[in-house]
Structure formats: structure tokens, C-alpha cells
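Q: Handing over data-v8.cif, mmCIF, C-alpha atoms and all ligand atoms.
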```
data_structure
loop_
_atom_site.group_PDB
_atom_site.id
_atom_site.type_symbol
_atom_site.label_atom_id
_atom_site.label_comp_id
_atom_site.auth_asym_id
_atom_site.auth_seq_id
_atom_site.Cartn_x
_atom_site.Cartn_y
_atom_site.Cartn_z
ATOM 1 C CA MET A 1 0.000 0.000 0.000
ATOM 2 C CA ALA A 2 1.389 3.411 -0.916
ATOM 3 C CA THR A 3 2.197 6.075 1.613
ATOM 4 C CA GLY A 4 -0.835 8.206 2.245
ATOM 5 C CA SER A 5 -3.342 5.647 1.003
ATOM 6 C CA SER A 6 -6.378 5.018 3.125
ATOM 7 C CA THR A 7 -8.687 2.229 4.260
ATOM 8 C CA ALA A 8 -12.026 3.794 5.141
ATOM 9 C CA ALA A 9 -11.080 6.750 7.344
ATOM 10 C CA GLN A 10 -7.768 5.237 8.390
ATOM 11 C CA ARG A 11 -4.559 6.402 6.736
ATOM 12 C CA LEU A 12 -1.219 4.669 6.390
ATOM 13 C CA ALA A 13 2.124 6.440 6.506
ATOM 14 C CA GLU A 14 5.437 4.795 5.744
ATOM 15 C CA THR A 15 7.632 7.875 5.986
ATOM 16 C CA ILE A 16 8.253 10.216 8.902
ATOM 17 C CA ALA A 17 7.473 13.211 6.697
ATOM 18 C CA SER A 18 4.033 11.914 5.704
ATOM 19 C CA ALA A 19 3.175 10.858 9.262
ATOM 20 C CA ARG A 20 4.104 14.345 10.500
ATOM 21 C CA GLU A 21 2.075 15.978 7.783
ATOM 22 C CA MET A 22 -1.047 14.006 8.689
ATOM 23 C CA VAL A 23 -0.745 14.513 12.413
ATOM 24 C CA ASP A 24 0.063 18.211 12.022
ATOM 25 C CA ALA A 25 -2.996 18.636 9.803
ATOM 26 C CA ALA A 26 -5.163 17.016 12.484
ATOM 27 C CA ARG A 27 -3.623 19.136 15.211
ATOM 28 C CA LYS A 28 -4.380 22.371 13.342
ATOM 29 C CA ASP A 29 -7.973 21.952 14.452
ATOM 30 C CA GLY A 30 -6.812 21.628 18.064
ATOM 31 C CA ALA A 31 -7.061 17.832 18.152
ATOM 32 C CA MET A 32 -5.717 15.902 21.154
ATOM 33 C CA VAL A 33 -3.372 13.349 19.600
ATOM 34 C CA GLY A 34 -2.993 9.888 21.163
ATOM 35 C CA LEU A 35 -0.050 7.654 20.254
ATOM 36 C CA VAL A 36 0.055 3.854 20.608
ATOM 37 C CA PRO A 37 3.543 2.489 19.854
ATOM 38 C CA THR A 38 3.616 -1.231 18.995
ATOM 39 C CA MET A 39 5.564 -3.918 17.199
ATOM 40 C CA GLY A 40 2.401 -5.164 15.492
ATOM 41 C CA PHE A 41 0.861 -8.657 15.237
ATOM 42 C CA PHE A 42 -2.082 -7.264 17.134
ATOM 43 C CA HIS A 43 -4.006 -8.956 19.919
ATOM 44 C CA GLU A 44 -6.573 -7.701 22.385
ATOM 45 C CA GLY A 45 -3.836 -6.079 24.509
ATOM 46 C CA HIS A 46 -2.882 -3.778 21.646
ATOM 47 C CA LEU A 47 -6.520 -3.187 20.774
ATOM 48 C CA SER A 48 -7.341 -2.193 24.363
ATOM 49 C CA LEU A 49 -4.722 0.568 24.102
ATOM 50 C CA MET A 50 -6.176 1.739 20.783
ATOM 51 C CA ARG A 51 -9.703 1.762 22.172
ATOM 52 C CA ALA A 52 -8.595 3.745 25.223
ATOM 53 C CA ALA A 53 -6.826 6.222 22.964
ATOM 54 C CA ARG A 54 -9.928 6.400 20.772
ATOM 55 C CA SER A 55 -12.110 7.258 23.761
ATOM 56 C CA GLU A 56 -9.676 9.825 25.201
ATOM 57 C CA CYS A 57 -8.237 11.535 22.112
ATOM 58 C CA ASP A 58 -9.456 13.213 18.933
ATOM 59 C CA PHE A 59 -6.806 11.695 16.686
ATOM 60 C CA VAL A 60 -5.265 8.261 17.252
ATOM 61 C CA ALA A 61 -1.949 7.229 15.718
ATOM 62 C CA VAL A 62 -0.634 3.675 16.014
ATOM 63 C CA THR A 63 2.915 2.784 15.099
ATOM 64 C CA ILE A 64 4.003 -0.658 13.929
ATOM 65 C CA PHE A 65 7.754 -1.076 13.975
ATOM 66 C CA VAL A 66 9.708 -4.152 14.989
ATOM 67 C CA ASN A 67 12.535 -2.102 16.404
ATOM 68 C CA PRO A 68 15.856 -3.851 15.750
ATOM 69 C CA ARG A 69 17.602 -1.770 18.408
ATOM 70 C CA GLN A 70 15.675 -3.397 21.223
ATOM 71 C CA PHE A 71 16.617 -6.935 20.179
ATOM 72 C CA GLY A 72 19.889 -8.485 21.301
ATOM 73 C CA GLU A 73 22.150 -10.905 19.462
ATOM 74 C CA GLY A 74 20.461 -14.257 19.021
ATOM 75 C CA GLU A 75 17.014 -12.941 19.976
ATOM 76 C CA ASP A 76 13.897 -13.327 17.856
ATOM 77 C CA LEU A 77 14.120 -10.228 15.605
ATOM 78 C CA GLU A 78 14.000 -12.202 12.345
ATOM 79 C CA ARG A 79 11.204 -14.530 13.315
ATOM 80 C CA TYR A 80 9.125 -11.986 15.255
ATOM 81 C CA PRO A 81 5.549 -12.585 13.994
ATOM 82 C CA ARG A 82 4.200 -10.078 11.470
ATOM 83 C CA ASP A 83 0.857 -9.636 9.721
ATOM 84 C CA PRO A 84 0.553 -6.037 8.531
ATOM 85 C CA GLU A 85 -2.621 -6.524 6.505
ATOM 86 C CA ARG A 86 -4.518 -8.020 9.411
ATOM 87 C CA ASP A 87 -3.092 -5.318 11.709
ATOM 88 C CA LEU A 88 -4.373 -2.566 9.422
ATOM 89 C CA GLU A 89 -7.853 -4.089 9.434
ATOM 90 C CA LEU A 90 -7.914 -4.467 13.214
ATOM 91 C CA ALA A 91 -6.646 -0.925 13.716
ATOM 92 C CA ALA A 92 -9.288 0.419 11.344
ATOM 93 C CA ALA A 93 -11.965 -1.487 13.254
ATOM 94 C CA ALA A 94 -10.663 0.049 16.501
ATOM 95 C CA GLY A 95 -11.141 3.506 14.968
ATOM 96 C CA VAL A 96 -7.471 4.363 14.522
ATOM 97 C CA ASP A 97 -6.865 7.408 12.316
ATOM 98 C CA LEU A 98 -3.271 6.836 11.280
ATOM 99 C CA VAL A 99 -0.998 3.802 11.174
ATOM 100 C CA PHE A 100 2.713 4.566 10.877
ATOM 101 C CA MET A 101 4.638 1.608 9.502
ATOM 102 C CA PRO A 102 8.180 2.732 8.687
ATOM 103 C CA GLY A 103 10.940 0.582 7.267
ATOM 104 C CA GLY A 104 14.193 0.111 9.159
ATOM 105 C CA GLU A 105 16.118 2.687 7.115
ATOM 106 C CA GLU A 106 13.427 5.294 7.619
ATOM 107 C CA MET A 107 13.928 5.107 11.381
ATOM 108 C CA TYR A 108 17.675 4.423 11.345
ATOM 109 C CA PRO A 109 19.208 5.901 8.194
ATOM 110 C CA PRO A 110 22.895 5.481 7.491
ATOM 111 C CA GLY A 111 24.875 7.566 9.973
ATOM 112 C CA PHE A 112 22.359 7.177 12.785
ATOM 113 C CA GLU A 113 24.360 6.940 16.010
ATOM 114 C CA THR A 114 22.456 8.489 18.904
ATOM 115 C CA ALA A 115 20.830 6.502 21.705
ATOM 116 C CA VAL A 116 18.957 7.255 24.904
ATOM 117 C CA THR A 117 20.578 5.614 27.930
ATOM 118 C CA PRO A 118 18.270 4.566 30.757
ATOM 119 C CA GLY A 119 19.301 4.596 34.417
ATOM 120 C CA ALA A 120 18.733 2.322 37.393
ATOM 121 C CA THR A 121 15.094 1.628 36.466
ATOM 122 C CA ALA A 122 16.469 -0.470 33.608
ATOM 123 C CA SER A 123 19.226 -2.231 35.536
ATOM 124 C CA GLY A 124 17.347 -5.272 36.867
ATOM 125 C CA LEU A 125 14.749 -7.700 35.499
ATOM 126 C CA CYS A 126 14.677 -7.614 31.667
ATOM 127 C CA GLY A 127 17.392 -4.939 31.670
ATOM 128 C CA ALA A 128 19.765 -7.431 33.282
ATOM 129 C CA SER A 129 18.888 -10.341 31.006
ATOM 130 C CA ARG A 130 18.629 -8.261 27.801
ATOM 131 C CA PRO A 131 21.560 -5.800 27.801
ATOM 132 C CA GLY A 132 20.835 -2.761 25.646
ATOM 133 C CA HIS A 133 17.150 -3.618 25.330
ATOM 134 C CA PHE A 134 15.794 -0.580 27.167
ATOM 135 C CA SER A 135 18.190 1.782 25.451
ATOM 136 C CA GLY A 136 16.725 0.522 22.175
ATOM 137 C CA VAL A 137 13.198 0.966 23.526
ATOM 138 C CA LEU A 138 13.837 4.503 24.784
ATOM 139 C CA THR A 139 15.580 5.552 21.588
ATOM 140 C CA VAL A 140 12.652 4.493 19.428
ATOM 141 C CA VAL A 141 10.049 5.860 21.865
ATOM 142 C CA ALA A 142 11.885 9.210 21.969
ATOM 143 C CA LYS A 143 11.886 9.298 18.161
ATOM 144 C CA LEU A 144 8.171 8.469 18.012
ATOM 145 C CA LEU A 145 7.317 11.099 20.635
ATOM 146 C CA ASN A 146 9.243 13.666 18.591
ATOM 147 C CA ILE A 147 7.646 12.588 15.309
ATOM 148 C CA PHE A 148 4.076 12.728 16.656
ATOM 149 C CA THR A 149 4.329 15.056 19.697
ATOM 150 C CA PRO A 150 1.185 13.399 21.097
ATOM 151 C CA GLY A 151 -0.691 14.739 24.108
ATOM 152 C CA ARG A 152 -1.071 11.179 25.399
ATOM 153 C CA ALA A 153 0.949 8.022 24.817
ATOM 154 C CA TYR A 154 -0.424 4.550 25.617
ATOM 155 C CA PHE A 155 1.513 1.631 27.038
ATOM 156 C CA GLY A 156 0.588 -1.645 28.766
ATOM 157 C CA TRP A 157 1.310 -2.790 32.327
ATOM 158 C CA LYS A 158 2.207 -6.142 30.829
ATOM 159 C CA ASP A 159 5.615 -4.590 30.159
ATOM 160 C CA ALA A 160 5.806 -2.885 33.563
ATOM 161 C CA GLN A 161 9.530 -2.200 33.463
ATOM 162 C CA GLN A 162 9.212 -0.702 29.979
ATOM 163 C CA ALA A 163 6.424 1.575 31.247
ATOM 164 C CA ALA A 164 8.569 2.599 34.237
ATOM 165 C CA VAL A 165 11.620 3.305 32.079
ATOM 166 C CA VAL A 166 9.520 5.329 29.621
ATOM 167 C CA ALA A 167 7.901 7.236 32.514
ATOM 168 C CA ARG A 168 11.370 8.199 33.781
ATOM 169 C CA MET A 169 12.484 9.330 30.344
ATOM 170 C CA ILE A 170 9.365 11.454 29.883
ATOM 171 C CA ASP A 171 9.986 13.134 33.248
ATOM 172 C CA ASP A 172 13.747 13.376 32.960
ATOM 173 C CA LEU A 173 13.822 14.725 29.401
ATOM 174 C CA ASN A 174 10.637 16.853 29.710
ATOM 175 C CA PHE A 175 8.630 15.303 26.906
ATOM 176 C CA PRO A 176 5.306 17.207 26.903
ATOM 177 C CA VAL A 177 3.154 14.066 26.954
ATOM 178 C CA THR A 178 0.941 12.307 29.469
ATOM 179 C CA LEU A 179 1.764 8.629 29.849
ATOM 180 C CA ARG A 180 -1.218 6.305 30.088
ATOM 181 C CA VAL A 181 -0.432 2.777 31.301
ATOM 182 C CA LEU A 182 -3.302 0.315 30.935
ATOM 183 C CA PRO A 183 -4.050 -3.083 32.518
ATOM 184 C CA THR A 184 -2.815 -6.361 31.087
ATOM 185 C CA VAL A 185 -5.310 -8.140 28.852
ATOM 186 C CA ARG A 186 -5.310 -11.906 29.390
ATOM 187 C CA GLU A 187 -6.481 -15.108 27.751
ATOM 188 C CA ASP A 188 -9.262 -17.023 29.533
ATOM 189 C CA ASP A 189 -6.735 -19.090 31.505
ATOM 190 C CA GLY A 190 -4.873 -15.971 32.623
ATOM 191 C CA LEU A 191 -1.935 -16.057 30.206
ATOM 192 C CA ALA A 192 -1.003 -12.467 29.347
ATOM 193 C CA MET A 193 -1.656 -11.797 25.684
ATOM 194 C CA SER A 194 1.569 -11.405 23.743
ATOM 195 C CA SER A 195 2.567 -11.573 20.103
ATOM 196 C CA ARG A 196 5.166 -14.111 21.249
ATOM 197 C CA ASN A 197 2.462 -16.544 22.406
ATOM 198 C CA ALA A 198 2.350 -17.504 18.712
ATOM 199 C CA TYR A 199 5.621 -19.383 19.289
ATOM 200 C CA LEU A 200 3.973 -21.799 21.743
ATOM 201 C CA GLY A 201 3.020 -25.343 20.840
ATOM 202 C CA PRO A 202 -0.219 -26.697 22.377
ATOM 203 C CA GLU A 203 1.367 -28.274 25.452
ATOM 204 C CA GLU A 204 3.642 -25.264 25.994
ATOM 205 C CA ARG A 205 0.632 -22.992 25.679
ATOM 206 C CA ARG A 206 -1.246 -25.046 28.290
ATOM 207 C CA GLN A 207 1.654 -24.981 30.742
ATOM 208 C CA ALA A 208 2.357 -21.262 30.189
ATOM 209 C CA ALA A 209 -0.812 -20.425 32.120
ATOM 210 C CA VAL A 210 1.053 -21.353 35.300
ATOM 211 C CA ILE A 211 2.913 -18.036 35.173
ATOM 212 C CA TYR A 212 -0.169 -15.994 35.962
ATOM 213 C CA ALA A 213 -1.573 -18.663 38.297
ATOM 214 C CA ALA A 214 1.658 -18.386 40.315
ATOM 215 C CA LEU A 215 1.516 -14.588 40.316
ATOM 216 C CA GLU A 216 -2.094 -14.658 41.488
ATOM 217 C CA ALA A 217 -1.214 -17.113 44.244
ATOM 218 C CA ALA A 218 1.544 -14.733 45.331
ATOM 219 C CA ARG A 219 -0.844 -11.802 45.401
ATOM 220 C CA GLU A 220 -3.328 -13.786 47.478
ATOM 221 C CA ALA A 221 -0.596 -14.732 49.938
ATOM 222 C CA VAL A 222 0.493 -11.102 50.265
ATOM 223 C CA LEU A 223 -3.077 -9.880 50.704
ATOM 224 C CA ALA A 224 -3.461 -12.541 53.405
ATOM 225 C CA GLY A 225 -0.495 -11.039 55.279
ATOM 226 C CA GLU A 226 2.694 -12.533 53.832
ATOM 227 C CA SER A 227 5.307 -9.837 53.177
ATOM 228 C CA ASP A 228 8.619 -11.698 53.188
ATOM 229 C CA VAL A 229 10.181 -11.342 49.750
ATOM 230 C CA ALA A 230 12.050 -14.665 49.797
ATOM 231 C CA THR A 231 8.892 -16.530 50.829
ATOM 232 C CA VAL A 232 6.817 -14.930 48.083
ATOM 233 C CA ARG A 233 9.474 -15.609 45.445
ATOM 234 C CA GLN A 234 9.698 -19.220 46.573
ATOM 235 C CA LEU A 235 5.947 -19.597 46.410
ATOM 236 C CA ILE A 236 6.015 -18.434 42.783
ATOM 237 C CA ALA A 237 8.991 -20.679 41.959
ATOM 238 C CA ASP A 238 7.307 -23.733 43.516
ATOM 239 C CA ARG A 239 4.103 -23.142 41.638
ATOM 240 C CA ILE A 240 5.865 -22.622 38.302
ATOM 241 C CA GLY A 241 8.025 -25.674 39.045
ATOM 242 C CA ARG A 242 4.950 -27.862 38.629
ATOM 243 C CA MET A 243 5.121 -27.204 34.884
ATOM 244 C CA PRO A 244 8.337 -28.659 33.448
ATOM 245 C CA LEU A 245 8.159 -26.761 30.144
ATOM 246 C CA VAL A 246 8.169 -23.391 31.944
ATOM 247 C CA GLU A 247 11.713 -22.372 32.902
ATOM 248 C CA PRO A 248 11.896 -19.171 34.940
ATOM 249 C CA GLU A 249 14.603 -16.674 34.045
ATOM 250 C CA TYR A 250 13.838 -14.370 36.943
ATOM 251 C CA ILE A 251 11.276 -14.091 39.712
ATOM 252 C CA GLU A 252 11.537 -10.741 41.489
ATOM 253 C CA ILE A 253 9.607 -8.544 43.885
ATOM 254 C CA VAL A 254 10.234 -4.921 42.971
ATOM 255 C CA ASP A 255 9.020 -1.418 43.657
ATOM 256 C CA ALA A 256 6.397 -0.700 40.964
ATOM 257 C CA ARG A 257 7.827 2.718 40.133
ATOM 258 C CA THR A 258 11.593 2.302 40.447
ATOM 259 C CA MET A 259 11.811 -1.416 39.562
ATOM 260 C CA GLN A 260 14.360 -1.810 42.364
ATOM 261 C CA PRO A 261 14.187 -4.910 44.602
ATOM 262 C CA ALA A 262 11.600 -4.348 47.333
ATOM 263 C CA ALA A 263 12.438 -4.892 50.998
ATOM 264 C CA ARG A 264 8.921 -6.226 51.690
ATOM 265 C CA ALA A 265 6.173 -7.488 49.403
ATOM 266 C CA GLY A 266 3.006 -5.387 49.524
ATOM 267 C CA GLU A 267 1.365 -2.144 48.436
ATOM 268 C CA GLY A 268 3.292 -0.477 45.605
ATOM 269 C CA THR A 269 5.310 -3.585 44.770
ATOM 270 C CA LEU A 270 5.119 -5.970 41.837
ATOM 271 C CA ALA A 271 5.957 -9.609 41.443
ATOM 272 C CA ALA A 272 7.591 -9.910 38.024
ATOM 273 C CA VAL A 273 8.452 -13.078 36.135
ATOM 274 C CA ALA A 274 10.284 -13.867 32.925
ATOM 275 C CA ALA A 275 10.253 -17.467 31.748
ATOM 276 C CA ARG A 276 11.279 -19.476 28.743
ATOM 277 C CA VAL A 277 8.591 -21.722 27.370
ATOM 278 C CA GLY A 278 9.854 -23.533 24.301
ATOM 279 C CA ALA A 279 10.945 -20.910 21.773
ATOM 280 C CA ALA A 280 9.159 -18.109 23.630
ATOM 281 C CA ARG A 281 10.462 -15.819 26.330
ATOM 282 C CA LEU A 282 7.383 -14.656 28.214
ATOM 283 C CA ILE A 283 7.069 -11.924 30.846
ATOM 284 C CA ASP A 284 4.266 -11.083 33.224
ATOM 285 C CA ASN A 285 3.728 -9.263 36.491
ATOM 286 C CA ILE A 286 1.131 -8.615 39.147
ATOM 287 C CA HIS A 287 0.652 -5.888 41.700
ATOM 288 C CA LEU A 288 0.974 -7.250 45.234
ATOM 289 C CA GLY A 289 -1.416 -4.785 46.844
ATOM 290 C CA ARG A 290 -5.015 -3.696 46.863
ATOM 291 C CA GLU A 291 -4.575 -0.338 45.144
ATOM 292 C CA GLU A 292 -3.320 -0.354 41.565
ATOM 293 C CA PRO A 293 -0.008 1.536 41.455
ATOM 294 C CA LYS A 294 -0.145 4.905 39.698
HETATM 295 P P1 LIG B 1 4.407 -4.795 21.693
HETATM 296 O O1 LIG B 1 3.796 -4.775 20.340
HETATM 297 O O2 LIG B 1 4.517 -6.157 22.283
HETATM 298 O O3 LIG B 1 5.688 -3.992 21.759
HETATM 299 O O4 LIG B 1 3.392 -4.028 22.645
HETATM 300 C C1 LIG B 1 2.933 -2.735 22.334
HETATM 301 C C2 LIG B 1 2.239 -2.162 23.543
HETATM 302 O O5 LIG B 1 1.155 -3.008 23.918
HETATM 303 C C3 LIG B 1 3.163 -2.061 24.766
HETATM 304 O O6 LIG B 1 2.880 -0.866 25.462
HETATM 305 C C4 LIG B 1 2.762 -3.262 25.571
HETATM 306 O O7 LIG B 1 2.971 -3.102 26.961
HETATM 307 C C5 LIG B 1 1.279 -3.342 25.266
HETATM 308 N N1 LIG B 1 0.797 -4.704 25.507
HETATM 309 C C6 LIG B 1 1.370 -5.857 25.066
HETATM 310 N N2 LIG B 1 0.679 -6.919 25.521
HETATM 311 C C7 LIG B 1 -0.325 -6.427 26.279
HETATM 312 C C8 LIG B 1 -1.395 -7.023 27.023
HETATM 313 N N3 LIG B 1 -1.550 -8.344 27.088
HETATM 314 N N4 LIG B 1 -2.241 -6.200 27.677
HETATM 315 C C9 LIG B 1 -2.084 -4.863 27.619
HETATM 316 N N5 LIG B 1 -1.123 -4.240 26.924
HETATM 317 C C10 LIG B 1 -0.252 -5.010 26.260
#
```
Just give me the structure of the file as C-alpha cells.
A:
Amino acid sequence: MATGSSTAAQRLAETIASAREMVDAARKDGAMVGLVPTMGFFHEGHLSLMRAARSECDFVAVTIFVNPRQFGEGEDLERYPRDPERDLELAAAAGVDLVFMPGGEEMYPPGFETAVTPGATASGLCGASRPGHFSGVLTVVAKLLNIFTPGRAYFGWKDAQQAAVVARMIDDLNFPVTLRVLPTVREDDGLAMSSRNAYLGPEERRQAAVIYAALEAAREAVLAGESDVATVRQLIADRIGRMPLVEPEYIEIVDARTMQPAARAGEGTLAAVAARVGAARLIDNIHLGREEPK
């Protein structure tokens, strides 16, 4: 599809210049612009962000870019699932105004050399197991915020550390945008929706549900009075250990804002898990308190 073509009311941009033109035209009328950055292969988690943006903004832009800078050596960049045609249809059905789908060279032309470096928020959890990952995330998010200058940007709690790292960057570098972080959308058995769930075979898919079951069990234990971090981590490990195809990479209790290890489990803390299940690396988290963290 050519740059600037449209499906119903939705438009597609493949260059930064055309995306800017369309969003600037919308903003001339005073529109509140909402931005939903994604890597595509949409599921209900992505669509929930688009619907929230649709209800809170006048103009909704979704970006689809499998950002090479956030993938490490030997990770799944090449086989990351893609289905742009289906994505465009789903975005149109969710009422999205503009889909930005740039190629790699459009975002990182020859000579590109600048990167945003995160701080301590990115040091543990996925930052520890995926060196450079959050620098890649922040660099592309900074570019997208500068391309669209949205009033609101939408992210999911599913990637809690990503949301925390982006929140810090927005504060630290004074991006004039309000961050909206929305709840994790799950399959019926609790598995967090993820494009990477497509990697799972049937038995792996069945066993993967233990991740959320373990997180829920941890939350129940904490709400019932348990606050010892080692005990809560062990409870999660034991539960996950019942499913041999699920191999935890980390199980941590962290402060929901700073992502630093928490002294006690409870209000304002998260239990966060990364696990390998077959070819997939899955992450999930749960808040260990009654109030959702802000
Ligand atoms: P991705 O395409 O995986 O990079 O995700 C794009 C955005 O959707 C990120 O802000 C994710 O946190 C969010 N997201 C991914 N999965 C879910 C989910 N199951 N529920 C809610 N948001 C999600």
C-alpha cells in the first residue's frame, strides 16, 4: 500500500514526513493526539490501548515497527511474527486514524548513532537479562514522541519495566506528553496476551498459564499477610516448578515505580516473572497490593 493511502477513514504512513504531515494537519484543528507504539501482530492487549486512545483523544496514531535496536544478538528479531494486513484491518476497526509503519532505514538511516541511555530503572529484570534492550526501547520511543508530539501516549502494564523506564524518560527529558499505562489483557486461563504466544506449541501454551496462576497465588498470599520477599518468590517458583516446560529466568519482587528490589512485598510492589517456554520468552507481572499503582 502506498504512503498516504487510506482504508475507510484510516490512513497509512510509511515515511516520517508523511506521518508528520497528517498529524500536524489534524492538530491544526486543536485535536488531542494519542499515540500507541507497537511492534504489530495485534491482539486484544494492543486493541485495548487503541480503544482507550480512541475514547480519550481526537486523533489516534498507532505505530508498527519491529525495532531492531531493542533486540539483542540471538534474539527473535527475524522470526518476530508479522501480519501487517490483518493489523491494518484491526486498527481500522478500533477507529485508529493513522498507522505509521516505517521501514528500518526510515527510522535508522545510514549515519544514525544516537541513543537514549536509561538509568537504574532499567538495571534489573529484563534490563539485566537483555543488555541494551531498554536503550533501544527509549531511543525508538523518543523518536516516536518527537515525530508525533502526542498529548497522550499509551503503554501496557504487561511490560511494567518498559512503562517505568519510559515514565522516567518522559519526566527526565521533559517530553510534553501524558503517559497512560493500561491493565494487562489476558487469555481465559490468565496467560497475558503477547505476540510471542504464537511461538507456543499446544502443550507449551497449556503450561504457560502457570505463570499468571503463580503470580495470582503470590498476590493472594500477600493480601493474606505474607510480606517476606524470599517466601513470596519461593511460592512463585514452587508453583511454576509444577510445569516442566516453563523455565523461569527471573522471579523478582520490585518497587512498581523504580523497579528496584523491594524490601517487603506489599502495596506499591510488583511480582515480576520472565520465563522461557519452548521458543518463547514470556514476561508477566502482578501488583501485590489492593490499590493499583499509579
Ligand atoms: P508490543 O507490540 O509487544 O511492543 O506491545 C505494544 C504495547 O502493547 C506495549 O505498550 C505493551 O505493553 C502493550 N501490551 C502488550 N501486551 C499487552 C497485554 N496483554 N495487555 C495490555 N497491553 C499489552
Q: Which residues are near ligand LIG 1 (chain B) in this structure, taking near to mean any atom at most 8 Å from a ligand atom and counting only C-alpha atoms and all ligand atoms? Format them as a ChimeraX atom specification.
A: /A:36-46,48-49,64,66,154-160,162-163,181-186,192-195
Q: Mind telling me what the PyMOL selection byres (((chain A and resi 20-22) around 10) and not hetatm) catches here, as a PyMOL selection string?
A: chain A and resi 4+11-13+15-19+23-27+61+97-98+100+146-149
Q: Write out as a ChimeraX atom specification each polymer residue whose atoms come within 12 Å of Ala128 in chain A, counting only C-alpha atoms; drop sequence neighbours fewer than 5 positions from it.
A: /A:120-123,133-134,161,249-250,259-260,274
Q: Please produce a file of those selected residues containing C-alpha atoms, as a CSV table (one decimal), keeping the file's coordinate frame.
A:
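For reference, selection27.csv as written:
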```csv
chain,number,residue,atom,x,y,z
A,120,ALA,CA,18.7,2.3,37.4
A,121,THR,CA,15.1,1.6,36.5
A,122,ALA,CA,16.5,-0.5,33.6
A,123,SER,CA,19.2,-2.2,35.5
A,133,HIS,CA,17.2,-3.6,25.3
A,134,PHE,CA,15.8,-0.6,27.2
A,161,GLN,CA,9.5,-2.2,33.5
A,249,GLU,CA,14.6,-16.7,34.0
A,250,TYR,CA,13.8,-14.4,36.9
A,259,MET,CA,11.8,-1.4,39.6
A,260,GLN,CA,14.4,-1.8,42.4
A,274,ALA,CA,10.3,-13.9,32.9
```
Q: From the list A:Asp87, A:Glu216, A:Glu267, A:Glu247, which residue is nearest Ile286 in chain A when using all atoms listed in the file?
A: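 Counting all atoms listed in the file, the residue closest to Ile286 in chain A is A:Glu216.
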Q: Hey, can you check how far CA of Arg264 in chain A sits from CA of Thr231 in chain A?
A: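 Computed distance, CA of Arg264 in chain A to CA of Thr231 in chain A, equals 10.3 Å.
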Q: How far is it from CA of Ser227 in chain A to CA of Asn285 in chain A, in Å with one decimal?
A: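 These atoms are spaced 16.8 Å apart.
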Q: Which centre and edge lengths in Å to one decimal define the box along x, y and z that fits every listed atom of range 14-30 of chain A plus 6 Å per side, as lines of an AutoDock Vina configuration file?
A:
```
center_x = 0.1
center_y = 13.6
center_z = 11.9
size_x = 28.2
size_y = 29.6
size_z = 24.4
```
Q: From the options A:Leu179, A:Ala153, A:Leu270, A:Leu173, which residue's atoms come nearest to Arg219 in chain A, counting only C-alpha atoms?
A: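 Nearest candidate to Arg219 in chain A out of A:Leu179, A:Ala153, A:Leu270, A:Leu173: A:Leu270.
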Q: Compare A:Gln10, A:Gln70, A:Thr258, A:Thr63 by their minimum atom-to-atom distance to Ala164 in chain A, counting all atoms listed in the file, and give me the closest one.
A: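 For Ala164 in chain A, the nearest of the candidates is A:Thr258.
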Q: With all atoms listed in the file as the counted atoms, please give the residues lying no more than 10 Å from Arg281 in chain A, apart from itself and same-chain residues fewer than 4 positions off, as number ranges by chain.
A: A: 75-76, 196-197, 199-200, 246-249, 274-277
Q: Please write the residues picked by the PyMOL selection byres (((chain A and resi 169-172) around 10) and not hetatm) on this file as a ChimeraX atom specification.
A: /A:116-119,138,141-142,145,163-168,173-179
Q: Take the selection from the previous step and output its residues with C-alpha atoms, as a PDB file, keeping the file's coordinate frame.
A:
```
ATOM      1  CA  VAL A 116      18.957   7.255  24.904  1.00  0.00           C
ATOM      2  CA  THR A 117      20.578   5.614  27.930  1.00  0.00           C
ATOM      3  CA  PRO A 118      18.270   4.566  30.757  1.00  0.00           C
ATOM      4  CA  GLY A 119      19.301   4.596  34.417  1.00  0.00           C
ATOM      5  CA  LEU A 138      13.837   4.503  24.784  1.00  0.00           C
ATOM      6  CA  VAL A 141      10.049   5.860  21.865  1.00  0.00           C
ATOM      7  CA  ALA A 142      11.885   9.210  21.969  1.00  0.00           C
ATOM      8  CA  LEU A 145       7.317  11.099  20.635  1.00  0.00           C
ATOM      9  CA  ALA A 163       6.424   1.575  31.247  1.00  0.00           C
ATOM     10  CA  ALA A 164       8.569   2.599  34.237  1.00  0.00           C
ATOM     11  CA  VAL A 165      11.620   3.305  32.079  1.00  0.00           C
ATOM     12  CA  VAL A 166       9.520   5.329  29.621  1.00  0.00           C
ATOM     13  CA  ALA A 167       7.901   7.236  32.514  1.00  0.00           C
ATOM     14  CA  ARG A 168      11.370   8.199  33.781  1.00  0.00           C
ATOM     15  CA  LEU A 173      13.822  14.725  29.401  1.00  0.00           C
ATOM     16  CA  ASN A 174      10.637  16.853  29.710  1.00  0.00           C
ATOM     17  CA  PHE A 175       8.630  15.303  26.906  1.00  0.00           C
ATOM     18  CA  PRO A 176       5.306  17.207  26.903  1.00  0.00           C
ATOM     19  CA  VAL A 177       3.154  14.066  26.954  1.00  0.00           C
ATOM     20  CA  THR A 178       0.941  12.307  29.469  1.00  0.00           C
ATOM     21  CA  LEU A 179       1.764   8.629  29.849  1.00  0.00           C
TER      22      LEU A 179
END
```
Q: As a PyMOL selection string, please: the residues near Leu223 in chain A (cut-off 12 Å, all atoms listed in the file, same-chain neighbours under 6 positions excluded).
A: chain A and resi 216-217+232+265-267+287-291
Q: Distance CA of Val210 in chain A-CA of Val222 in chain A, one decimal place?
A: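 Distance between the two atoms: 18.1 Å.
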Q: For a quick check of understanding, using all atoms listed in the file, which of A:Pro109, A:Gly151, A:Arg54, A:Leu125 has the smallest distance to Gly30 in chain A?
A: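 Closest to Gly30 in chain A, using all atoms listed in the file: A:Gly151.
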Q: Calculated over all atoms listed in the file, which of the candidates A:Leu144, A:Met32, A:Ala230, A:Val137 has the smallest distance to Ala263 in chain A?
A: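 Result for the nearest residue to Ala263 in chain A: A:Ala230.
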Q: Of the candidates A:Glu89, A:Asp58, A:Ile253, A:Ala208, which shows the shortest atom-to-atom distance to Asp228 in chain A, using all atoms listed in the file?
A: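 Among the listed residues, the smallest separation from Asp228 in chain A belongs to A:Ile253.
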Q: Please enumerate the residues selected by the PyMOL selection byres (((chain A and resi 242) around 12) and not hetatm) when evaluated against the supplied file, formatted as a ChimeraX atom specification.
A: /A:207-211,213-214,235-241,243-248
Q: At a cut-off of 9 Å around the point (-3.2, -21.2, 27.9) (file coordinates), what residues fall inside when counting only C-alpha atoms? I'd like the answer as a PyMOL selection string.
A: chain A and resi 187-191+202-210
Q: Taking the block just given, write range 287-292 of chain A to a file that holds N, CA and C atoms, as a compact mmCIF listing (two decimals), in the first residue's frame.
A:
```txt
# COMPACT_ATOMS: atom_id res chain seq x y z
N HIS A 287 0.48 -6.80 40.57
CA HIS A 287 0.65 -5.89 41.70
C HIS A 287 0.30 -6.63 42.98
N LEU A 288 1.17 -6.49 43.99
CA LEU A 288 0.97 -7.25 45.23
C LEU A 288 0.26 -6.41 46.29
N GLY A 289 -0.68 -5.59 45.87
CA GLY A 289 -1.42 -4.79 46.84
C GLY A 289 -2.86 -4.65 46.42
N ARG A 290 -3.60 -3.88 47.20
CA ARG A 290 -5.01 -3.70 46.86
C ARG A 290 -5.20 -2.58 45.85
N GLU A 291 -4.46 -1.50 46.04
CA GLU A 291 -4.57 -0.34 45.14
C GLU A 291 -3.68 -0.55 43.93
N GLU A 292 -4.19 -0.29 42.74
CA GLU A 292 -3.32 -0.35 41.56
C GLU A 292 -2.29 0.77 41.66
```
